[in-house]
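Below: work29.cif (mmCIF, C-alpha atoms)
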data_my_file
#
loop_
_atom_site.group_PDB
_atom_site.id
_atom_site.type_symbol
_atom_site.label_atom_id
_atom_site.label_comp_id
_atom_site.auth_asym_id
_atom_site.auth_seq_id
_atom_site.Cartn_x
_atom_site.Cartn_y
_atom_site.Cartn_z
ATOM 1 C CA MET A 1 0.000 0.000 0.000
ATOM 2 C CA PRO A 2 1.553 3.352 -1.013
ATOM 3 C CA LEU A 3 1.952 6.001 1.626
ATOM 4 C CA THR A 4 0.170 9.306 1.047
ATOM 5 C CA ALA A 5 0.308 12.455 3.088
ATOM 6 C CA ALA A 6 -2.982 13.217 4.794
ATOM 7 C CA PRO A 7 -4.002 16.880 4.684
ATOM 8 C CA LEU A 8 -3.824 18.678 7.998
ATOM 9 C CA SER A 9 -7.317 19.433 9.197
ATOM 10 C CA GLY A 10 -8.231 23.096 9.376
ATOM 11 C CA LEU A 11 -5.405 24.303 7.140
ATOM 12 C CA PRO A 12 -6.131 25.590 3.640
ATOM 13 C CA ASP A 13 -4.531 23.920 0.640
ATOM 14 C CA PRO A 14 -1.386 26.012 -0.095
ATOM 15 C CA HIS A 15 -1.853 25.503 -3.850
ATOM 16 C CA VAL A 16 -5.336 27.027 -3.941
ATOM 17 C CA ALA A 17 -5.284 30.820 -3.678
ATOM 18 C CA THR A 18 -8.242 33.055 -3.001
ATOM 19 C CA VAL A 19 -8.095 36.090 -5.260
ATOM 20 C CA VAL A 20 -9.021 39.438 -3.728
ATOM 21 C CA PRO A 21 -10.009 41.821 -6.531
ATOM 22 C CA LYS A 22 -8.867 45.450 -6.303
ATOM 23 C CA ARG A 23 -12.445 46.600 -5.638
ATOM 24 C CA ASP A 24 -12.639 44.352 -2.548
ATOM 25 C CA PHE A 25 -9.173 45.456 -1.476
ATOM 26 C CA VAL A 26 -10.234 49.110 -1.655
ATOM 27 C CA ASP A 27 -13.413 48.295 0.283
ATOM 28 C CA ARG A 28 -11.362 46.630 3.029
ATOM 29 C CA VAL A 29 -9.030 49.627 3.319
ATOM 30 C CA VAL A 30 -11.990 52.015 3.437
ATOM 31 C CA ALA A 31 -13.649 49.904 6.153
ATOM 32 C CA ALA A 32 -10.426 49.673 8.186
ATOM 33 C CA THR A 33 -9.681 53.399 8.035
ATOM 34 C CA GLY A 34 -13.131 54.943 7.985
ATOM 35 C CA ALA A 35 -12.040 57.180 5.112
ATOM 36 C CA ARG A 36 -14.393 58.039 2.298
ATOM 37 C CA ARG A 37 -13.955 55.882 -0.786
ATOM 38 C CA ALA A 38 -13.408 58.939 -3.011
ATOM 39 C CA GLU A 39 -10.529 60.065 -0.771
ATOM 40 C CA ALA A 40 -8.957 56.654 -0.259
ATOM 41 C CA ARG A 41 -9.011 55.346 -3.832
ATOM 42 C CA PRO A 42 -6.380 57.708 -5.367
ATOM 43 C CA ILE A 43 -4.068 57.099 -2.411
ATOM 44 C CA ILE A 44 -4.442 53.321 -2.739
ATOM 45 C CA GLU A 45 -3.886 53.530 -6.517
ATOM 46 C CA ALA A 46 -0.688 55.555 -6.028
ATOM 47 C CA THR A 47 0.523 53.158 -3.324
ATOM 48 C CA LEU A 48 -0.018 50.102 -5.513
ATOM 49 C CA ASP A 49 1.698 51.835 -8.432
ATOM 50 C CA GLN A 50 4.754 52.633 -6.287
ATOM 51 C CA LEU A 51 4.879 49.044 -4.947
ATOM 52 C CA GLY A 52 4.912 47.752 -8.515
ATOM 53 C CA GLN A 53 7.589 50.204 -9.640
ATOM 54 C CA ILE A 54 9.863 49.423 -6.688
ATOM 55 C CA LEU A 55 9.601 45.665 -7.164
ATOM 56 C CA SER A 56 9.984 45.909 -10.963
ATOM 57 C CA ALA A 57 13.193 47.877 -10.421
ATOM 58 C CA GLY A 58 14.572 44.942 -8.406
ATOM 59 C CA GLN A 59 14.612 46.826 -5.128
ATOM 60 C CA THR A 60 13.767 45.199 -1.793
ATOM 61 C CA LEU A 61 10.654 46.611 -0.191
ATOM 62 C CA ALA A 62 10.609 46.773 3.626
ATOM 63 C CA VAL A 63 7.149 47.852 4.762
ATOM 64 C CA PRO A 64 5.941 46.716 8.174
ATOM 65 C CA PRO A 65 3.432 45.186 8.833
ATOM 66 C CA LEU A 66 3.462 43.705 5.297
ATOM 67 C CA GLY A 67 7.033 42.533 5.693
ATOM 68 C CA ARG A 68 10.158 42.520 3.548
ATOM 69 C CA ALA A 69 9.557 41.648 -0.100
ATOM 70 C CA ARG A 70 12.240 40.956 -2.652
ATOM 71 C CA ILE A 71 12.334 39.402 -6.085
ATOM 72 C CA ASN A 72 13.111 35.713 -5.946
ATOM 73 C CA LEU A 73 12.745 34.999 -9.681
ATOM 74 C CA GLU A 74 11.998 37.157 -12.689
ATOM 75 C CA ARG A 75 11.349 36.081 -16.269
ATOM 76 C CA ASP A 76 9.722 37.384 -19.415
ATOM 77 C CA ALA A 77 6.457 35.863 -20.567
ATOM 78 C CA ARG A 78 4.279 36.576 -23.567
ATOM 79 C CA GLY A 79 1.847 38.728 -21.569
ATOM 80 C CA GLY A 80 4.546 40.605 -19.657
ATOM 81 C CA ASP A 81 7.031 40.045 -16.867
ATOM 82 C CA VAL A 82 6.487 37.269 -14.325
ATOM 83 C CA ILE A 83 7.960 38.182 -10.958
ATOM 84 C CA THR A 84 8.110 35.698 -8.087
ATOM 85 C CA LEU A 85 8.471 37.418 -4.732
ATOM 86 C CA ARG A 86 9.800 36.247 -1.425
ATOM 87 C CA LEU A 87 7.919 37.844 1.449
ATOM 88 C CA ARG A 88 9.327 37.595 4.943
ATOM 89 C CA ARG A 89 6.918 38.478 7.728
ATOM 90 C CA ARG A 90 7.151 38.540 11.472
ATOM 91 C CA ALA A 91 5.258 35.787 13.268
ATOM 92 C CA SER A 92 3.090 38.315 15.124
ATOM 93 C CA SER A 93 2.059 40.279 12.025
ATOM 94 C CA THR A 94 -1.594 39.314 12.538
ATOM 95 C CA ALA A 95 -2.134 42.086 15.081
ATOM 96 C CA PRO A 96 -4.948 44.470 14.156
ATOM 97 C CA ILE A 97 -4.027 47.807 12.623
ATOM 98 C CA LEU A 98 -5.391 50.719 14.644
ATOM 99 C CA VAL A 99 -6.134 53.975 12.886
ATOM 100 C CA GLU A 100 -6.708 57.130 14.851
ATOM 101 C CA LYS A 101 -9.233 59.502 13.337
ATOM 102 C CA PRO A 102 -8.587 63.242 13.669
#
If you took the structure in this file and wrote it as structure tokens, what would it be?
Amino acid sequence: MPLTAAPLSGLPDPHVATVVPKRDFVDRVVAATGARRAEARPIIEATLDQLGQILSAGQTLAVPPLGRARINLERDARGGDVITLRLRRRASSTAPILVEKP
């Protein structure tokens, strides 16, 4: 009888990713900060643009509580560049983010 690894109960399959669309991402940021969507959206767009530019330039990005991200592998594909990142996070990075309103 061949041996097979039994999945650990309660843990998600690491090969199945849940995709969070940008609209949902913006909604989560708006809910977490209490900012108006019209105010938050351009800031989020600019932030995402800068993240992409920094990583595309091959620079390491150190942004707590996200962690330290660096390019692990980069290759050209027909649709554009494929960049594989390595993200190192602290073990206690699940703490809630508190935002103080003025």
- Got a sec: who's within 8 Å of stretch 61-65 of chain A, counting all atoms listed in the file, leaving out chain neighbours fewer than 5 positions off, as a ChimeraX atom specification? /A:51,54-55,70,89,93
- Item | Å distance separating atom CA of A:Gly52 from atom CA of A:Asp27, one decimal place |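 Going from atom CA of A:Gly52 over to atom CA of A:Asp27, I get 20.3 Å.
Reported to one decimal place, the separation of atom CA of A:Arg86 from atom CA of A:Glu45 is 22.6 Å.
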- Neighbours of A:Arg23 within 12 Å (only C-alpha atoms; same-chain residues fewer than 4 positions away dropped), as a list in words?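 The residues satisfying every condition are Val19, Asp27, Arg28, Val29, Val30, Arg37, Ala40, Arg41, Ile44 and Glu45 of chain A.
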- Message: Which residues are near A:Asn72? Cut-off 9 Å, only C-alpha atoms, ignore same chain within fewer than 6 positions. Put them as a ChimeraX atom specification.
- Response: /A:83-86
- Message: What does the structure give for the distance between atom CA of A:Gly67 and atom CA of A:Arg36, in Å to one decimal?
- Response: 26.7 Å
- Task: Carefully work through the PyMOL selection byres ((chain A and resi 87) around 6) for this structure and note down the residues it includes, as number ranges by chain.
- Result: A: 68-69, 86, 88
